[in-house]
Every structure is written in structure tokens, then in C-alpha cells.
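Novice: Dropping in model_39.pdb, which is PDB, C-alpha atoms and all ligand atoms:
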```pdb
ATOM      1  CA  MET A  26       0.000   0.000   0.000  1.00  0.00           C
ATOM      2  CA  LEU A  27       1.408   3.393  -1.021  1.00  0.00           C
ATOM      3  CA  LEU A  28       2.209   5.814   1.839  1.00  0.00           C
ATOM      4  CA  LYS A  29       0.853   3.577   4.614  1.00  0.00           C
ATOM      5  CA  THR A  30       1.975   5.848   7.465  1.00  0.00           C
ATOM      6  CA  LEU A  31       0.508   8.969   5.826  1.00  0.00           C
ATOM      7  CA  ARG A  32      -2.771   7.136   5.201  1.00  0.00           C
ATOM      8  CA  GLU A  33      -2.932   6.160   8.877  1.00  0.00           C
ATOM      9  CA  GLU A  34      -2.194   9.728   9.983  1.00  0.00           C
ATOM     10  CA  VAL A  35      -4.928  11.049   7.701  1.00  0.00           C
ATOM     11  CA  LEU A  36      -7.417   8.406   8.891  1.00  0.00           C
ATOM     12  CA  GLU A  37      -6.643   9.263  12.519  1.00  0.00           C
ATOM     13  CA  ALA A  38      -7.028  13.024  11.872  1.00  0.00           C
ATOM     14  CA  ASN A  39     -10.415  12.457  10.214  1.00  0.00           C
ATOM     15  CA  LEU A  40     -11.561  10.347  13.167  1.00  0.00           C
ATOM     16  CA  GLU A  41     -10.385  13.057  15.575  1.00  0.00           C
ATOM     17  CA  LEU A  42     -12.939  15.429  14.018  1.00  0.00           C
ATOM     18  CA  VAL A  43     -15.663  12.872  14.812  1.00  0.00           C
ATOM     19  CA  ARG A  44     -14.454  12.328  18.391  1.00  0.00           C
ATOM     20  CA  ARG A  45     -14.489  16.096  19.001  1.00  0.00           C
ATOM     21  CA  GLY A  46     -18.005  16.498  17.615  1.00  0.00           C
ATOM     22  CA  LEU A  47     -16.983  18.638  14.641  1.00  0.00           C
ATOM     23  CA  VAL A  48     -18.688  16.651  11.882  1.00  0.00           C
ATOM     24  CA  LEU A  49     -22.173  15.351  11.131  1.00  0.00           C
ATOM     25  CA  TYR A  50     -22.678  12.308   8.907  1.00  0.00           C
ATOM     26  CA  THR A  51     -20.025  12.416   6.137  1.00  0.00           C
ATOM     27  CA  PHE A  52     -19.360  16.188   6.378  1.00  0.00           C
ATOM     28  CA  GLY A  53     -15.778  17.313   6.557  1.00  0.00           C
ATOM     29  CA  ASN A  54     -12.472  16.037   5.266  1.00  0.00           C
ATOM     30  CA  VAL A  55      -8.828  16.002   6.281  1.00  0.00           C
ATOM     31  CA  SER A  56      -5.816  15.463   4.038  1.00  0.00           C
ATOM     32  CA  GLY A  57      -2.081  15.184   4.587  1.00  0.00           C
ATOM     33  CA  MET A  58       0.822  15.728   2.222  1.00  0.00           C
ATOM     34  CA  ASP A  59       4.168  13.998   1.819  1.00  0.00           C
ATOM     35  CA  ARG A  60       6.264  16.856   0.412  1.00  0.00           C
ATOM     36  CA  ASN A  61       9.146  14.546  -0.540  1.00  0.00           C
ATOM     37  CA  GLU A  62       6.884  12.415  -2.713  1.00  0.00           C
ATOM     38  CA  GLY A  63       4.677  15.330  -3.809  1.00  0.00           C
ATOM     39  CA  LEU A  64       1.592  13.274  -2.940  1.00  0.00           C
ATOM     40  CA  VAL A  65      -1.538  14.024  -0.935  1.00  0.00           C
ATOM     41  CA  ALA A  66      -3.658  11.536   1.043  1.00  0.00           C
ATOM     42  CA  ILE A  67      -7.305  12.508   1.500  1.00  0.00           C
ATOM     43  CA  LYS A  68     -10.555  11.063   2.823  1.00  0.00           C
ATOM     44  CA  PRO A  69     -12.740   9.438   0.161  1.00  0.00           C
ATOM     45  CA  SER A  70     -16.010  11.119  -0.771  1.00  0.00           C
ATOM     46  CA  GLY A  71     -19.166  10.187   1.110  1.00  0.00           C
ATOM     47  CA  VAL A  72     -17.878   7.185   3.101  1.00  0.00           C
ATOM     48  CA  PRO A  73     -19.293   7.047   6.670  1.00  0.00           C
ATOM     49  CA  TYR A  74     -16.535   7.653   9.219  1.00  0.00           C
ATOM     50  CA  GLU A  75     -17.365   4.476  11.153  1.00  0.00           C
ATOM     51  CA  HIS A  76     -16.518   2.403   8.069  1.00  0.00           C
ATOM     52  CA  LEU A  77     -13.390   4.293   7.092  1.00  0.00           C
ATOM     53  CA  THR A  78     -10.078   2.365   6.984  1.00  0.00           C
ATOM     54  CA  SER A  79      -6.608   3.473   5.947  1.00  0.00           C
ATOM     55  CA  ALA A  80      -7.023   1.452   2.731  1.00  0.00           C
ATOM     56  CA  ASP A  81      -9.933   3.749   1.781  1.00  0.00           C
ATOM     57  CA  ILE A  82      -7.764   6.872   1.902  1.00  0.00           C
ATOM     58  CA  VAL A  83      -7.112   8.152  -1.621  1.00  0.00           C
ATOM     59  CA  ILE A  84      -3.651   9.219  -2.839  1.00  0.00           C
ATOM     60  CA  SER A  85      -3.472  12.062  -5.366  1.00  0.00           C
ATOM     61  CA  ASP A  86      -0.703  14.067  -6.943  1.00  0.00           C
ATOM     62  CA  LEU A  87      -0.803  17.875  -6.853  1.00  0.00           C
ATOM     63  CA  ASP A  88      -2.568  17.964 -10.223  1.00  0.00           C
ATOM     64  CA  GLY A  89      -5.461  15.895  -8.878  1.00  0.00           C
ATOM     65  CA  LYS A  90      -4.425  12.682 -10.636  1.00  0.00           C
ATOM     66  CA  ILE A  91      -5.300   9.688  -8.452  1.00  0.00           C
ATOM     67  CA  VAL A  92      -2.209   7.532  -8.068  1.00  0.00           C
ATOM     68  CA  ASP A  93      -3.558   5.020  -5.535  1.00  0.00           C
ATOM     69  CA  GLY A  94      -6.970   4.129  -4.123  1.00  0.00           C
ATOM     70  CA  LYS A  95     -10.176   2.567  -5.380  1.00  0.00           C
ATOM     71  CA  LEU A  96     -12.602   5.219  -4.135  1.00  0.00           C
ATOM     72  CA  ARG A  97     -13.306   8.730  -5.358  1.00  0.00           C
ATOM     73  CA  PRO A  98     -11.536  11.421  -3.301  1.00  0.00           C
ATOM     74  CA  SER A  99     -13.367  14.069  -1.295  1.00  0.00           C
ATOM     75  CA  SER A 100     -15.066  16.516  -3.644  1.00  0.00           C
ATOM     76  CA  ASP A 101     -13.026  19.278  -1.947  1.00  0.00           C
ATOM     77  CA  LEU A 102      -9.714  17.780  -3.146  1.00  0.00           C
ATOM     78  CA  ALA A 103      -8.988  20.681  -5.531  1.00  0.00           C
ATOM     79  CA  THR A 104      -9.316  23.174  -2.663  1.00  0.00           C
ATOM     80  CA  HIS A 105      -6.833  21.169  -0.571  1.00  0.00           C
ATOM     81  CA  LEU A 106      -4.396  20.917  -3.508  1.00  0.00           C
ATOM     82  CA  GLU A 107      -4.460  24.662  -4.130  1.00  0.00           C
ATOM     83  CA  LEU A 108      -3.639  25.295  -0.457  1.00  0.00           C
ATOM     84  CA  TYR A 109      -0.696  22.842  -0.627  1.00  0.00           C
ATOM     85  CA  LYS A 110       0.569  24.599  -3.774  1.00  0.00           C
ATOM     86  CA  GLN A 111       0.299  28.130  -2.409  1.00  0.00           C
ATOM     87  CA  PHE A 112       1.158  27.568   1.262  1.00  0.00           C
ATOM     88  CA  ALA A 113       4.548  25.895   0.820  1.00  0.00           C
ATOM     89  CA  LYS A 114       5.145  24.848   4.423  1.00  0.00           C
ATOM     90  CA  ILE A 115       1.842  23.187   5.304  1.00  0.00           C
ATOM     91  CA  GLY A 116       1.463  19.410   5.443  1.00  0.00           C
ATOM     92  CA  GLY A 117      -2.190  19.009   6.408  1.00  0.00           C
ATOM     93  CA  VAL A 118      -5.604  20.551   5.626  1.00  0.00           C
ATOM     94  CA  ALA A 119      -8.866  20.066   7.531  1.00  0.00           C
ATOM     95  CA  HIS A 120     -12.315  21.188   6.442  1.00  0.00           C
ATOM     96  CA  THR A 121     -15.381  20.968   8.665  1.00  0.00           C
ATOM     97  CA  HIS A 122     -18.837  22.496   8.920  1.00  0.00           C
ATOM     98  CA  SER A 123     -18.467  22.808  12.704  1.00  0.00           C
ATOM     99  CA  GLU A 124     -21.320  24.793  14.182  1.00  0.00           C
ATOM    100  CA  PHE A 125     -19.816  28.011  15.515  1.00  0.00           C
ATOM    101  CA  ALA A 126     -17.020  28.491  12.980  1.00  0.00           C
ATOM    102  CA  THR A 127     -19.568  27.914  10.212  1.00  0.00           C
ATOM    103  CA  ALA A 128     -21.931  30.455  11.791  1.00  0.00           C
ATOM    104  CA  TRP A 129     -19.147  33.080  11.628  1.00  0.00           C
ATOM    105  CA  SER A 130     -18.505  32.058   7.988  1.00  0.00           C
ATOM    106  CA  GLN A 131     -22.170  32.518   7.168  1.00  0.00           C
ATOM    107  CA  ALA A 132     -22.186  35.896   8.935  1.00  0.00           C
ATOM    108  CA  GLU A 133     -19.142  36.794   6.760  1.00  0.00           C
ATOM    109  CA  THR A 134     -17.468  38.152   9.879  1.00  0.00           C
ATOM    110  CA  PRO A 135     -13.827  37.593  10.884  1.00  0.00           C
ATOM    111  CA  ILE A 136     -13.391  36.155  14.379  1.00  0.00           C
ATOM    112  CA  PRO A 137     -11.733  38.833  16.517  1.00  0.00           C
ATOM    113  CA  CYS A 138      -9.160  37.814  19.072  1.00  0.00           C
ATOM    114  CA  PHE A 139     -10.865  38.423  22.399  1.00  0.00           C
ATOM    115  CA  GLY A 140      -8.544  36.372  24.581  1.00  0.00           C
ATOM    116  CA  THR A 141      -5.387  34.380  25.025  1.00  0.00           C
ATOM    117  CA  THR A 142      -7.049  31.088  23.990  1.00  0.00           C
ATOM    118  CA  HIS A 143      -7.361  32.566  20.491  1.00  0.00           C
ATOM    119  CA  ALA A 144      -3.912  34.206  20.663  1.00  0.00           C
ATOM    120  CA  ASP A 145      -2.245  30.897  21.567  1.00  0.00           C
ATOM    121  CA  SER A 146      -3.143  29.477  18.123  1.00  0.00           C
ATOM    122  CA  PHE A 147      -3.998  32.363  15.793  1.00  0.00           C
ATOM    123  CA  HIS A 148      -1.806  35.463  15.502  1.00  0.00           C
ATOM    124  CA  GLY A 149      -4.589  37.837  14.491  1.00  0.00           C
ATOM    125  CA  PRO A 150      -8.288  37.647  13.704  1.00  0.00           C
ATOM    126  CA  VAL A 151      -9.402  34.595  11.701  1.00  0.00           C
ATOM    127  CA  PRO A 152     -10.174  36.160   8.299  1.00  0.00           C
ATOM    128  CA  VAL A 153     -13.200  35.637   6.106  1.00  0.00           C
ATOM    129  CA  THR A 154     -12.964  35.353   2.318  1.00  0.00           C
ATOM    130  CA  GLU A 155     -14.768  37.419  -0.247  1.00  0.00           C
ATOM    131  CA  ARG A 156     -17.784  35.809  -1.914  1.00  0.00           C
ATOM    132  CA  LEU A 157     -17.102  33.818  -5.064  1.00  0.00           C
ATOM    133  CA  SER A 158     -18.420  35.336  -8.288  1.00  0.00           C
ATOM    134  CA  ALA A 159     -21.126  33.604 -10.339  1.00  0.00           C
ATOM    135  CA  SER A 160     -18.554  32.589 -12.967  1.00  0.00           C
ATOM    136  CA  GLU A 161     -16.222  31.160 -10.283  1.00  0.00           C
ATOM    137  CA  ILE A 162     -19.105  29.106  -8.866  1.00  0.00           C
ATOM    138  CA  ALA A 163     -20.089  27.886 -12.343  1.00  0.00           C
ATOM    139  CA  GLY A 164     -16.469  27.122 -13.216  1.00  0.00           C
ATOM    140  CA  ASP A 165     -14.005  24.952 -11.297  1.00  0.00           C
ATOM    141  CA  TYR A 166     -15.745  25.666  -7.988  1.00  0.00           C
ATOM    142  CA  GLU A 167     -13.427  23.776  -5.620  1.00  0.00           C
ATOM    143  CA  LEU A 168     -10.270  25.176  -7.239  1.00  0.00           C
ATOM    144  CA  GLU A 169     -11.752  28.689  -7.144  1.00  0.00           C
ATOM    145  CA  THR A 170     -12.521  28.192  -3.445  1.00  0.00           C
ATOM    146  CA  GLY A 171      -8.827  27.443  -2.896  1.00  0.00           C
ATOM    147  CA  LYS A 172      -7.763  30.501  -4.897  1.00  0.00           C
ATOM    148  CA  ASN A 173     -10.251  32.610  -2.968  1.00  0.00           C
ATOM    149  CA  ILE A 174      -8.752  31.444   0.329  1.00  0.00           C
ATOM    150  CA  CYS A 175      -5.253  32.317  -0.903  1.00  0.00           C
ATOM    151  CA  ARG A 176      -6.413  35.825  -1.887  1.00  0.00           C
ATOM    152  CA  ALA A 177      -7.601  36.334   1.704  1.00  0.00           C
ATOM    153  CA  PHE A 178      -4.009  35.561   2.802  1.00  0.00           C
ATOM    154  CA  ALA A 179      -2.293  38.014   0.426  1.00  0.00           C
ATOM    155  CA  SER A 180      -1.028  39.946   3.458  1.00  0.00           C
ATOM    156  CA  ILE A 181      -1.381  37.288   6.175  1.00  0.00           C
ATOM    157  CA  ASP A 182       1.160  34.568   6.977  1.00  0.00           C
ATOM    158  CA  PRO A 183      -0.750  31.258   6.754  1.00  0.00           C
ATOM    159  CA  GLU A 184       1.549  29.748   9.389  1.00  0.00           C
ATOM    160  CA  SER A 185       0.587  32.456  11.887  1.00  0.00           C
ATOM    161  CA  VAL A 186      -3.135  32.217  11.172  1.00  0.00           C
ATOM    162  CA  PRO A 187      -3.777  28.570  10.213  1.00  0.00           C
ATOM    163  CA  ALA A 188      -7.500  28.941   9.485  1.00  0.00           C
ATOM    164  CA  VAL A 189      -9.955  30.792   7.278  1.00  0.00           C
ATOM    165  CA  LEU A 190     -13.714  31.257   7.138  1.00  0.00           C
ATOM    166  CA  VAL A 191     -15.009  30.756   3.603  1.00  0.00           C
ATOM    167  CA  ALA A 192     -17.892  33.196   3.135  1.00  0.00           C
ATOM    168  CA  GLY A 193     -21.267  31.461   3.132  1.00  0.00           C
ATOM    169  CA  HIS A 194     -19.580  28.087   3.504  1.00  0.00           C
ATOM    170  CA  ALA A 195     -17.415  26.967   6.429  1.00  0.00           C
ATOM    171  CA  PRO A 196     -13.847  26.926   7.774  1.00  0.00           C
ATOM    172  CA  PHE A 197     -10.690  25.425   6.314  1.00  0.00           C
ATOM    173  CA  CYS A 198      -7.726  24.921   8.659  1.00  0.00           C
ATOM    174  CA  TRP A 199      -4.185  23.701   8.092  1.00  0.00           C
ATOM    175  CA  GLY A 200      -0.989  22.799   9.892  1.00  0.00           C
ATOM    176  CA  ALA A 201       2.341  21.004   9.673  1.00  0.00           C
ATOM    177  CA  ASN A 202       0.563  17.664   9.170  1.00  0.00           C
ATOM    178  CA  ALA A 203      -2.941  16.171   9.083  1.00  0.00           C
ATOM    179  CA  GLY A 204      -3.095  15.870  12.877  1.00  0.00           C
ATOM    180  CA  ALA A 205      -2.101  19.513  13.377  1.00  0.00           C
ATOM    181  CA  ALA A 206      -4.723  20.635  10.847  1.00  0.00           C
ATOM    182  CA  ALA A 207      -7.443  18.678  12.692  1.00  0.00           C
ATOM    183  CA  HIS A 208      -6.180  20.081  16.005  1.00  0.00           C
ATOM    184  CA  ASN A 209      -6.470  23.622  14.626  1.00  0.00           C
ATOM    185  CA  ALA A 210     -10.024  22.865  13.440  1.00  0.00           C
ATOM    186  CA  VAL A 211     -10.942  21.816  16.985  1.00  0.00           C
ATOM    187  CA  ILE A 212      -9.342  24.924  18.515  1.00  0.00           C
ATOM    188  CA  LEU A 213     -10.993  27.157  15.903  1.00  0.00           C
ATOM    189  CA  GLU A 214     -14.426  25.794  16.813  1.00  0.00           C
ATOM    190  CA  TYR A 215     -13.738  26.396  20.514  1.00  0.00           C
ATOM    191  CA  VAL A 216     -12.518  29.951  19.849  1.00  0.00           C
ATOM    192  CA  ALA A 217     -15.482  30.667  17.535  1.00  0.00           C
ATOM    193  CA  LYS A 218     -17.898  29.539  20.244  1.00  0.00           C
ATOM    194  CA  MET A 219     -16.221  31.645  22.926  1.00  0.00           C
ATOM    195  CA  ALA A 220     -16.098  34.747  20.701  1.00  0.00           C
ATOM    196  CA  TYR A 221     -19.835  34.346  20.082  1.00  0.00           C
ATOM    197  CA  HIS A 222     -20.527  34.141  23.822  1.00  0.00           C
ATOM    198  CA  THR A 223     -18.172  37.046  24.522  1.00  0.00           C
ATOM    199  CA  LEU A 224     -20.209  39.280  22.215  1.00  0.00           C
ATOM    200  CA  LEU A 225     -23.478  38.023  23.721  1.00  0.00           C
ATOM    201  CA  ILE A 226     -22.301  39.000  27.204  1.00  0.00           C
ATOM    202  CA  ASN A 227     -20.983  42.345  25.999  1.00  0.00           C
ATOM    203  CA  ALA A 228     -21.507  43.467  22.408  1.00  0.00           C
ATOM    204  CA  GLU A 229     -18.839  46.143  22.989  1.00  0.00           C
ATOM    205  CA  SER A 230     -16.144  43.615  23.980  1.00  0.00           C
ATOM    206  CA  ARG A 231     -12.716  44.797  22.828  1.00  0.00           C
ATOM    207  CA  PRO A 232     -10.075  42.688  21.043  1.00  0.00           C
ATOM    208  CA  LEU A 233      -7.129  41.618  23.170  1.00  0.00           C
ATOM    209  CA  ALA A 234      -4.321  44.184  23.504  1.00  0.00           C
ATOM    210  CA  ARG A 235      -1.663  43.698  20.812  1.00  0.00           C
ATOM    211  CA  GLU A 236       1.051  43.124  23.416  1.00  0.00           C
ATOM    212  CA  LEU A 237      -0.812  40.270  25.127  1.00  0.00           C
ATOM    213  CA  HIS A 238      -1.840  38.785  21.779  1.00  0.00           C
ATOM    214  CA  ASP A 239       1.794  38.785  20.604  1.00  0.00           C
ATOM    215  CA  LYS A 240       3.037  37.430  23.926  1.00  0.00           C
ATOM    216  CA  HIS A 241       0.742  34.401  23.843  1.00  0.00           C
ATOM    217  CA  PHE A 242       1.274  33.523  20.184  1.00  0.00           C
ATOM    218  CA  LEU A 243       5.029  34.003  20.199  1.00  0.00           C
ATOM    219  CA  ARG A 244       5.678  32.048  23.398  1.00  0.00           C
ATOM    220  CA  LYS A 245       4.215  28.973  21.640  1.00  0.00           C
ATOM    221  CA  HIS A 246       5.289  29.523  18.022  1.00  0.00           C
ATOM    222  CA  GLY A 247       8.416  30.555  16.128  1.00  0.00           C
ATOM    223  CA  ARG A 248      12.047  30.956  16.990  1.00  0.00           C
ATOM    224  CA  ASN A 249      11.678  32.241  20.525  1.00  0.00           C
ATOM    225  CA  ALA A 250       8.926  29.885  21.674  1.00  0.00           C
ATOM    226  CA  TYR A 251       9.373  28.619  25.222  1.00  0.00           C
ATOM    227  CA  TYR A 252       5.979  27.021  26.051  1.00  0.00           C
ATOM    228  CA  GLY A 253       5.966  23.299  26.959  1.00  0.00           C
ATOM    229  CA  GLN A 254       8.865  20.933  27.427  1.00  0.00           C
ATOM    230  CA  VAL A 255      12.180  20.995  25.590  1.00  0.00           C
ATOM    231  CA  LYS A 256      12.022  18.442  22.773  1.00  0.00           C
ATOM    232  CA  THR A 257      14.791  15.836  22.812  1.00  0.00           C
ATOM    233  CA  GLN A 258      15.615  14.093  19.547  1.00  0.00           C
TER     234      GLN A 258
HETATM  235 ZN    ZN B   1     -17.748  22.266   2.935  1.00  0.00          ZN
END
```
What does this structure look like when you write it as C-alpha cells?
Ligand SMILES: [Zn+2]

Specialist:
Amino acid sequence: MLLKTLREEVLEANLELVRRGLVLYTFGNVSGMDRNEGLVAIKPSGVPYEHLTSADIVISDLDGKIVDGKLRPSSDLATHLELYKQFAKIGGVAHTHSEFATAWSQAETPIPCFGTTHADSFHGPVPVTERLSASEIAGDYELETGKNICRAFASIDPESVPAVLVAGHAPFCWGANAGAAAHNAVILEYVAKMAYHTLLINAESRPLARELHDKHFLRKHGRNAYYGQVKTQ
């Protein structure tokens, strides 16, 4: 079986979305990429999670050509591939229709950073895309969705803000691998829910001060991170 370990990682990341209550029925999909091989492993389309095995995971190249797997890939494959092409350092993509993050997507409203829980994972508000045009929807819709996401990141580092709200649709998240992408999808949903409640309690709630936002993101990410235990090789 081609890319057995990657398939297992991608299967596990998909199942994590189920365990965390982020998906209904067959909604959602996670993929992972092996950058050395230039291949992507993604959930098949429409297979119930409880029946999913690593052998069902579909392997595609970056052009969307299926190189291994008997099933059809997730219909969102072209969106995932565009993100892998444009965001050179990512190794995993997760897409869900999780309740609160999707509500923000439908409201076409970026999620402000109201607290350190958000700042620990996202260095800035979680942006929302523009709407797709009628011709983009009629054309290669999934590819255009990927391009649309990349346009929203023209001046944002995708490693610092590993999530986006697609207008009228739902979130896409990413990370260093499939597990990290699924993890970010779980955190995004938690942050989206808390931001909603924050505004319900006080509609005038202010975003976190820049200094505290920076402090929390940078102590966990980047060159000067010091959160957690020192990793030994
Ligand atoms: Zn979707």
C-alpha cells in the first residue's frame, strides 16, 4: 500500500474530528501531504466515518491525478491541492462544517481575538474570504474556493493564522501535518464559540491588547517559543 503511514495519519485526523463532535454524517475532510513524494492523502467522498479504513484513503498528486486508491476522493480535493501549492510549508488541511465556525462564515465576519485562547493558536483575527463570483461558482468551484482562500491571505502569513472562514460556507484549517490541521479545526471551533458568547455577554467587547496577543502567540510559536517541554531528539 502506497504511503501507509501517511494514510494512517490522515485516517486518525479524520476520526479526531468525529471524536471532538466537529462533523455530522459524512461532512468534513482532512488530508495530509508527503512533500518529498509530492503526494496528498485525503478522505474518500461520502464514506461514513465508522466504516473508514486506511485502505480507503485516496492518494493524489498535486494535479489531482489519483495515483492510488479505489474510491473517489473528497469533492473538496482541488481546494486542498491549491492550499498545498500556495502555502509551501503546510502538510495538512482540515475542512469541517463545525457549528460556531460555520456560523461566523455565514455571517461573513472575521473572528476577533478576544482572549489568550485565540492568541495561543492564531496570531490575528481569523479572516473571512470574499464571496465567489457567479462565474467562479459555475467554473471549477473547488479550485476557485482554494484561490479565494489564498487571496484572503495576500497579506497574512498562513503559518501564523492557520484557518480561514469561507464566506457562506465553512472553515478550512491547516498545519504542519494532518493531525495539526485537525487540532487547529478543533481549537478554531472552541474559539469561535467563545467569541460568540463574549459578544453576547458584551456586544462592545474589545479585542485583546496587541502586546498580550503577541506574547501568547510568540511564546508557543516561532524561533523564541518557550511554552511546553524541551524536545529531545
Ligand atoms: Zn464544505

Novice: Selection in question (the file shown): the PyMOL selection byres (((not hetatm)) within 8 of (chain B and resi 1)). Which residues does it include, as a list in words?

Specialist: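 Here the PyMOL selection byres (((not hetatm)) within 8 of (chain B and resi 1)) matches Phe52, Gly53, Asp101, His120, Thr121, His122, His194, Ala195 and Pro196 of chain A.
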
Novice: Figure out the distance between CA of Asp145 (chain A) and CA of Val255 (chain A), please, to one decimal in Å.

Specialist: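 Going from CA of Val255 (chain A) over to CA of Asp145 (chain A), I get 18.0 Å.
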
Novice: Go ahead and compute the interatomic distance for CA of Glu167 (chain A) and CA of Thr104 (chain A), in Å to one decimal.

Specialist: 5.1 Å

Novice: Counting only C-alpha atoms, select every polymer residue within 9 Å of (3.2, 25.0, 4.0) as defined in the file's coordinates, and provide the selection as number ranges by chain.

Specialist: A: 108-117, 183-184, 199-201

Novice: As an exercise, work out the distance from CA of Gly140 (chain A) to CA of Pro152 (chain A) in Å and give it to one decimal place.

Specialist: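 So the answer is 16.4 Å.
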
Novice: Could you list as a list in words every residue that has an atom within 8 Å of (-3.0, 39.3, 15.6), using the file's coordinates and counting all atoms listed in the file?

Specialist: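 Checking each residue against the 8 Å limit leaves Cys138, Ala144, Phe147, His148, Gly149, Pro150, Arg235, His238 and Asp239 of chain A.
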
Novice: For Ile212 (chain A), which residue out of A:Ala228, A:Ala188, A:Val65, A:Val72 is the nearest one, using all atoms listed in the file?

Specialist: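 Ranked by minimum distance to Ile212 (chain A), first place goes to A:Ala188.
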
Novice: Counting all atoms listed in the file, which residue out of A:Pro69, A:Gly63, A:Pro98, A:Pro137 sits closest to Lys218 (chain A)?

Specialist: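 Closest residue, counting all atoms listed in the file: A:Pro137.
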
Novice: Between A:Phe178, A:Tyr74, A:Phe197, A:Phe139, which residue has the minimum interatomic distance to Leu213 (chain A), considering only C-alpha atoms?

Specialist: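 Of A:Phe178, A:Tyr74, A:Phe197, A:Phe139, the one nearest Leu213 (chain A), counting only C-alpha atoms, is A:Phe197.
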